[in-house]
Amino acid sequence: MRRKCSIIFCISLIFATCTNSENLENDPIAKHPDCKKDVQVLQNMCEIRDEDLGNNWAILDCIDSLPDDKQISESCDNHVWKFKLEVTKQDVFLDQAKEICGDDVKVCSEEENSEPGHFLACLVEKKHETKSLQCGKFLSQVENIIFSDYRIISTFMNACDKDISKLKCGKTRKSPDAHHSQGGTIQCLSENMEEVEASCKKEILTIAELQADDYHLDRALYLACKNDREEFCPRVQPGDGRVYKCLMKNKMSVSQTCQEQLVRRQQLISQDFKVDGGLVKACKEEIKHFSCRKGVDKDGKQTVKLAQILLCLEGKVRDGEDMGGKEIGGVCINEMREIRRELMEDYSISPELVANCAAEIEHFCAATKTQRNGKTIHCLMKAAMDQSAENQKLAVNSAKSSFSKGCESALDQLVKETQVLSDWQADPVLEDACDEVVAAACDPKQGSDAVMSCLMEQLSKGSDRMTTQCSEVLMQVHYFLAREILIDEHLYKSCNKDAVKVCNGAPNWHQTDKDPRNQLVFPCLVRNLYADDYGEDDEDTDGKKNDENEPKLSEECTQEVERTLRQRAMSVQLHPEIEEDCRNFLHTFCTTHTKPGEELGCLQENFKSLEGDCQKTVSKYTRIEAKNPFLHPIISKACSNLIERKCGLEAKAQDGSGVMECLVRHKMEHALGSKGAMNTKCRTVVEQWQILTLQDWRFSFKFKEACKDDIREHCTEPRPKKKQDVIECLVLAVASDTAEEEKHRIKKACRAELKFELLQKHSNVKLDPVLEEACGADIEKFCEKEIGEDGGLECLKSKGHDNLSRKCKKVLFQEEKEEAEDNDIDFALMRGCKREIKEHCADEDAKNVLQCLKDFSDDSNFDLKCLKVIGKRIIQHAKDYRLNPSLADSCKRDIPKFCGDVLNKINKGDEEFYEGHVIACLKQKAIQKHSKLSDQCRKEIMNILSDSAKIVDADPVLEQNCPNSLAICRNKPNVDTGMKINECLKEMFEKKTLVDGELCNKHLAQIIEGTGADIHADPVLHNACAVDLRKFCRDVPQGEGRMFGCLVSVSREEKFSLEPECKTVLTKRIEMYDLAVKVAPLESAQELIQSVMKSPHRNYLVSTGMMFLGMVFVFGLCFGRVTKRLRNEIKNR
């Protein structure tokens, strides 16, 4: 130490004579505030005398001799660094060097006129070339005081002087094997790159580029990773960045200090791609050929960011471009893959994330910020998604997100750079979470982008192979992919021509960052997915069709767009357009709908409550789903098995609308709980879809396609939007053409779809909004315990009109009338009698199906369920002749002629429902011995009499006039059928025990008299005498009591003998008949007079009668005299 001090002392004497040293000597290091405490320690360690504390050279010599484990403070080190820099720049020792070295200074003659500090630094570097021993010794002493490598580092020092002082990054200690003196200084600056000025940053990156090939040149990295290199990379030869690459592969395993230096290095690489020697070497030709350094943001410092190089190369790979016939090298592609994974592993190597997400990391991800395995990045992704969902709960104008737009943009950029969509293994968290799913359900051999697509398919289908952890990570990744409208390779290649042709897309339209207009290409492809939909809003098209030559998407592109939409349908968060337009409504209606696909489904359920852009956006996506239910994740998941089993042909043919119709038909054809019925969940979502389609007729794709031209032509002023209104318009047009027997204006295909829509409407109250509104209270009142699949529709029909509210029974009557006029839309009949219709009535006209079924209903193997439905319809139709189209048509002249008084009475009472009274009037006319009804009308009435004999509820007048007597019969044991109840009432009539008064007696008498008119009206008698009728009366024509009279005549002939049962029943019927005629005489004079007086034509009838009587009287007077004269003449003979 003393030797050194003596040398320094000599040098200090020289300095004392040097005017240049005055300023430096007047500022002792020992007295500077940054070094006071350090010098106190150094004084003891180096045995410095008190009088030498003012000697800066003694302090410098002490610092230089400190062992490796001893260091001065950063602030003092920074001050010493500035002191040495000033000594170097001021050439304090240059004159002494020239004097001592003499001619030896010629070894640096090229630096003689260079900037200050270079000449002396050159002499120190070349001290071994000097001949003078004294010169060499002097330069060796100077070497410890100045920056001897100043020639190399002067540009760096000049550019970074201010930043070094500001950040206190000056470091004076140099390791023995370091190639320059500023390793520690550069390390400190590179760790604070975001605070460094541009000129300094450029110099740091330039030095880092020089270090790229050999990690030894990066002093801090070399020292921190020296032991790790021996442990993990012992056989790796230095050079070409091989050691650095090996350390990066083992980044998660190396020591903490080595990890920190690797991160610092990665941060530099993200700022300047040339700092990554491996990438530069592997992709040198590609970068040059594709001019990836041109036209990119160089940040004003002549360096190109890694992200821009990656995006350029990725774009060329995606586009399938080559280099003059030579493909992009596999080495380059592998190098990019490794870099992508590095970026996804550690957020801290992405300057944008560090700068923009610092607050978010502290707030949301404090527990993971020290982990370098990608968890912090996914923590930020999850926080962004959660914040997006939270913002849905706030009003648009008042939403205050604690997750900044800057951080979200930085995450967007990272996802774009790393191309996770095309390389799922670039994301270590995704790989770890989904590795098992990939092994079980996907084929990695098809490519990384195919794996990502496979994973989303498994998620959208609700596959059993999909795990919760994998699904969560997938949703996080796709949340950002959707926002950047990133296009995967398959979609881009399949739709490249379509994007240019249909959407005027520019080349490289997938690169949305280069041209914001490119972001509109994918939404354009979505709009044109099914180009046969005319107009975004049909009400604004003024009935004009789209140009028939309008371009449509190719089949290949359609499949890829559908796939993308199917994957994004898992959440509105993957549909930025929906999320943005519907934020308020999502909060209002859908806060509890959090499972995949539920949010859009919730918006659809509340469609009529949506407004403005939200309703338009939801409408657009709903119309797309109408064409392809596979884009509806809830339907495709809930009904996947059924689609595979029952709708396989449509699915294989890619006929999405056919699949949806198949599901609806299957739901309607198979009752809940029956064999082959769809599960409850599938049934529920299909029903929800049916209800949704009521809001807009375009939501029913097949109906829209079949009927859009007819709707455009016939449903105008204004054009209806709700499907219910459109159906009503088309039904009126069809009914008008049918009534006037004109050629149908509505096309056959549309009429078929219209019938299917009507069938759906009649299957459930929920699918008939008008009926649901009118009868909601009535259903709740009368059918609460009988609400089945149809929502209480059949229950309502079974109730008497008198029980229902006026509004309900009016709407319900129209419902019943529609079904009566077209049996094909009678849901209960079509489902309950499907087998019987197929077997017996397949070729029958729609209005005759019910009658056809009735004709076969006596078959021994006739389905009991169908028989029950037929019975219900017979009861319904008995309430009003207008519900029996065949009767109404056959009796259209007879009703006003013979039952006009009934019609007048009901109409005067302001009633619209006849409740069986018109049919009762016709029955009374039909049972007369010489009925005046037309043959066709009388035949229809006889059928009704026969029906009501079997089904007592088919006679509403009987229900009205004999309620108490009916109750008595129904309560009797073994009286459980309509025929038995009828027999019970007849016996009570015969025994005169009816308890309901004269009207009941008279009505029962008329029922019994019906037997005299037609034996088929009495099924008990007809069944008992079936053999005798064939034996004795087979040639007797039906009607007007002929067959009954035949049996009576045979019973009175001694030579003929009836079957015992027939004879017994017939005897009782004769006795009843005689009694009935007394109670209700057939065509009595009194009834004749009453009928004439009640007739609207009574004046005409009375005057005509009087004229007839007058003519008879005059004729009698005239011809009476002639007769008298003749008789007198005969007497006189």
# chains A, B, ... in the order shown; residues from 1 in each chain; ligands from 1
call {"tool": "residues_around", "arguments": {"residues": "A:Ser140", "least_positions_apart": "6", "cutoff": "10 Å", "atoms": "only C-alpha atoms", "output": "PyMOL selection string"}}
result
chain A and resi 124-125+127-128+134+148
call {"tool": "residues_around", "arguments": {"residues": "A:Glu457", "least_positions_apart": "3", "cutoff": "8 Å", "atoms": "only C-alpha atoms", "output": "list in words"}}
result
Ser453, Cys454, Ser460, Lys461, Arg566 and Gln567 of chain A
call {"tool": "residues_around", "arguments": {"residues": "A:Ala307", "least_positions_apart": "4", "cutoff": "8 Å", "atoms": "only C-alpha atoms", "output": "CSV table (one decimal) with C-alpha atoms, in the first residue's frame"}}
result
chain,number,residue,atom,x,y,z
A,270,SER,CA,-37.7,-6.1,-27.7
A,311,LEU,CA,-45.3,-9.4,-37.5
A,417,GLU,CA,-47.1,-10.4,-31.7
call {"tool": "atom_distance", "arguments": {"atom1": "atom CA of A:Gln924", "atom2": "atom CA of A:Val995"}}
result
22.5 Å
call {"tool": "closest_residue", "arguments": {"among": "A:Lys1063, A:Lys747, A:His216, A:Lys721", "to": "A:Ala1026", "atoms": "only C-alpha atoms"}}
result
A:Lys1063
call {"tool": "closest_residue", "arguments": {"among": "A:Gln519, A:Ser609, A:Gln960, A:Asn158", "to": "A:Ser199", "atoms": "only C-alpha atoms"}}
result
A:Asn158
call {"tool": "closest_residue", "arguments": {"among": "A:Lys897, A:Glu327, A:Leu262, A:Glu197", "to": "A:Tyr222", "atoms": "only C-alpha atoms"}}
result
A:Leu262
call {"tool": "closest_residue", "arguments": {"among": "A:Glu260, A:Glu556, A:Asp228, A:Asp1018", "to": "A:Lys980", "atoms": "only C-alpha atoms"}}
result
A:Asp1018
call {"tool": "residues_around", "arguments": {"residues": "A:Asp790", "least_positions_apart": "5", "cutoff": "12 Å", "atoms": "only C-alpha atoms", "output": "MDAnalysis selection string"}}
result
chainID A and resid 667:668 671:672 687 759:768 772 779 783 795:797 826:828 831
call {"tool": "residues_around", "arguments": {"residues": "A:Ala735", "least_positions_apart": "2", "cutoff": "12 Å", "atoms": "only C-alpha atoms", "output": "mmCIF file with N, CA, C and O atoms, in the first residue's frame"}}
result
data_model
loop_
_atom_site.group_PDB
_atom_site.id
_atom_site.type_symbol
_atom_site.label_atom_id
_atom_site.label_comp_id
_atom_site.auth_asym_id
_atom_site.auth_seq_id
_atom_site.Cartn_x
_atom_site.Cartn_y
_atom_site.Cartn_z
ATOM 1 N N ILE A 727 -97.713 -13.686 -40.593
ATOM 2 C CA ILE A 727 -98.513 -14.901 -40.762
ATOM 3 C C ILE A 727 -99.980 -14.539 -40.998
ATOM 4 O O ILE A 727 -100.635 -15.100 -41.886
ATOM 5 N N GLU A 728 -100.479 -13.596 -40.224
ATOM 6 C CA GLU A 728 -101.878 -13.173 -40.374
ATOM 7 C C GLU A 728 -102.124 -12.624 -41.773
ATOM 8 O O GLU A 728 -103.148 -12.921 -42.397
ATOM 9 N N CYS A 729 -101.190 -11.829 -42.269
ATOM 10 C CA CYS A 729 -101.310 -11.272 -43.620
ATOM 11 C C CYS A 729 -101.359 -12.371 -44.672
ATOM 12 O O CYS A 729 -102.223 -12.364 -45.558
ATOM 13 N N LEU A 730 -100.448 -13.326 -44.577
ATOM 14 C CA LEU A 730 -100.400 -14.407 -45.560
ATOM 15 C C LEU A 730 -101.620 -15.324 -45.454
ATOM 16 O O LEU A 730 -102.150 -15.794 -46.473
ATOM 17 N N VAL A 731 -102.070 -15.589 -44.230
ATOM 18 C CA VAL A 731 -103.255 -16.444 -44.038
ATOM 19 C C VAL A 731 -104.473 -15.816 -44.696
ATOM 20 O O VAL A 731 -105.273 -16.497 -45.339
ATOM 21 N N LEU A 732 -104.630 -14.512 -44.552
ATOM 22 C CA LEU A 732 -105.763 -13.824 -45.176
ATOM 23 C C LEU A 732 -105.714 -13.945 -46.692
ATOM 24 O O LEU A 732 -106.744 -14.155 -47.346
ATOM 25 N N ALA A 733 -104.500 -13.822 -47.240
ATOM 26 C CA ALA A 733 -104.355 -13.941 -48.698
ATOM 27 C C ALA A 733 -104.702 -15.346 -49.168
ATOM 28 O O ALA A 733 -105.405 -15.532 -50.171
ATOM 29 N N ASP A 737 -108.069 -16.432 -51.515
ATOM 30 C CA ASP A 737 -107.964 -17.179 -52.774
ATOM 31 C C ASP A 737 -108.732 -18.483 -52.708
ATOM 32 O O ASP A 737 -109.352 -18.908 -53.695
ATOM 33 N N THR A 738 -108.710 -19.139 -51.551
ATOM 34 C CA THR A 738 -109.427 -20.400 -51.393
ATOM 35 C C THR A 738 -110.936 -20.183 -51.467
ATOM 36 O O THR A 738 -111.649 -20.931 -52.136
ATOM 37 N N ALA A 739 -111.431 -19.143 -50.789
ATOM 38 C CA ALA A 739 -112.868 -18.867 -50.764
ATOM 39 C C ALA A 739 -113.393 -18.500 -52.144
ATOM 40 O O ALA A 739 -114.498 -18.906 -52.541
ATOM 41 N N GLU A 740 -112.609 -17.744 -52.872
ATOM 42 C CA GLU A 740 -113.042 -17.307 -54.199
ATOM 43 C C GLU A 740 -112.653 -18.281 -55.295
ATOM 44 O O GLU A 740 -112.900 -18.039 -56.465
ATOM 45 N N GLU A 741 -112.042 -19.413 -54.857
ATOM 46 C CA GLU A 741 -111.650 -20.476 -55.787
ATOM 47 C C GLU A 741 -110.806 -19.931 -56.933
ATOM 48 O O GLU A 741 -110.975 -20.296 -58.095
ATOM 49 N N GLU A 742 -109.901 -19.041 -56.572
ATOM 50 C CA GLU A 742 -108.987 -18.485 -57.555
ATOM 51 C C GLU A 742 -107.617 -19.137 -57.418
ATOM 52 O O GLU A 742 -107.337 -19.831 -56.439
ATOM 53 N N LYS A 743 -106.775 -18.879 -58.391
ATOM 54 C CA LYS A 743 -105.413 -19.394 -58.338
ATOM 55 C C LYS A 743 -104.674 -18.728 -57.181
ATOM 56 O O LYS A 743 -104.772 -17.530 -56.965
ATOM 57 N N HIS A 744 -103.945 -19.539 -56.421
ATOM 58 C CA HIS A 744 -103.263 -19.017 -55.239
ATOM 59 C C HIS A 744 -102.191 -18.003 -55.627
ATOM 60 O O HIS A 744 -101.336 -18.271 -56.477
ATOM 61 N N ARG A 745 -102.251 -16.865 -54.963
ATOM 62 C CA ARG A 745 -101.212 -15.852 -55.167
ATOM 63 C C ARG A 745 -99.949 -16.183 -54.370
ATOM 64 O O ARG A 745 -98.852 -15.762 -54.723
ATOM 65 N N ILE A 746 -100.119 -16.881 -53.270
ATOM 66 C CA ILE A 746 -98.982 -17.251 -52.418
ATOM 67 C C ILE A 746 -98.372 -18.547 -52.950
ATOM 68 O O ILE A 746 -99.073 -19.544 -53.159
ATOM 69 N N ARG A 751 -96.680 -21.511 -48.834
ATOM 70 C CA ARG A 751 -97.858 -22.053 -48.149
ATOM 71 C C ARG A 751 -97.467 -23.221 -47.251
ATOM 72 O O ARG A 751 -98.010 -23.395 -46.155
ATOM 73 N N GLU A 818 -109.484 -21.805 -36.953
ATOM 74 C CA GLU A 818 -108.347 -22.091 -37.832
ATOM 75 C C GLU A 818 -108.071 -23.585 -37.878
ATOM 76 O O GLU A 818 -107.835 -24.162 -38.940
ATOM 77 N N GLU A 821 -110.786 -25.501 -39.818
ATOM 78 C CA GLU A 821 -110.732 -25.310 -41.271
ATOM 79 C C GLU A 821 -109.522 -25.980 -41.895
ATOM 80 O O GLU A 821 -109.523 -26.290 -43.082
ATOM 81 N N ASP A 822 -108.481 -26.175 -41.103
ATOM 82 C CA ASP A 822 -107.271 -26.844 -41.609
ATOM 83 C C ASP A 822 -106.757 -27.762 -40.513
ATOM 84 O O ASP A 822 -106.043 -27.330 -39.610
#
call {"tool": "residues_around", "arguments": {"residues": "A:Asp581", "least_positions_apart": "2", "cutoff": "8 Å", "atoms": "only C-alpha atoms", "output": "MDAnalysis selection string"}}
result
chainID A and resid 577:579 583 613:614 617
call {"tool": "select_by_dssp", "arguments": {"residues": "stretch 964-1020 of chain A", "states": "helix (DSSP H, G or I)", "output": "ChimeraX atom specification"}}
result
/A:964-970,978-990,998-1013,1015-1017,1019-1020
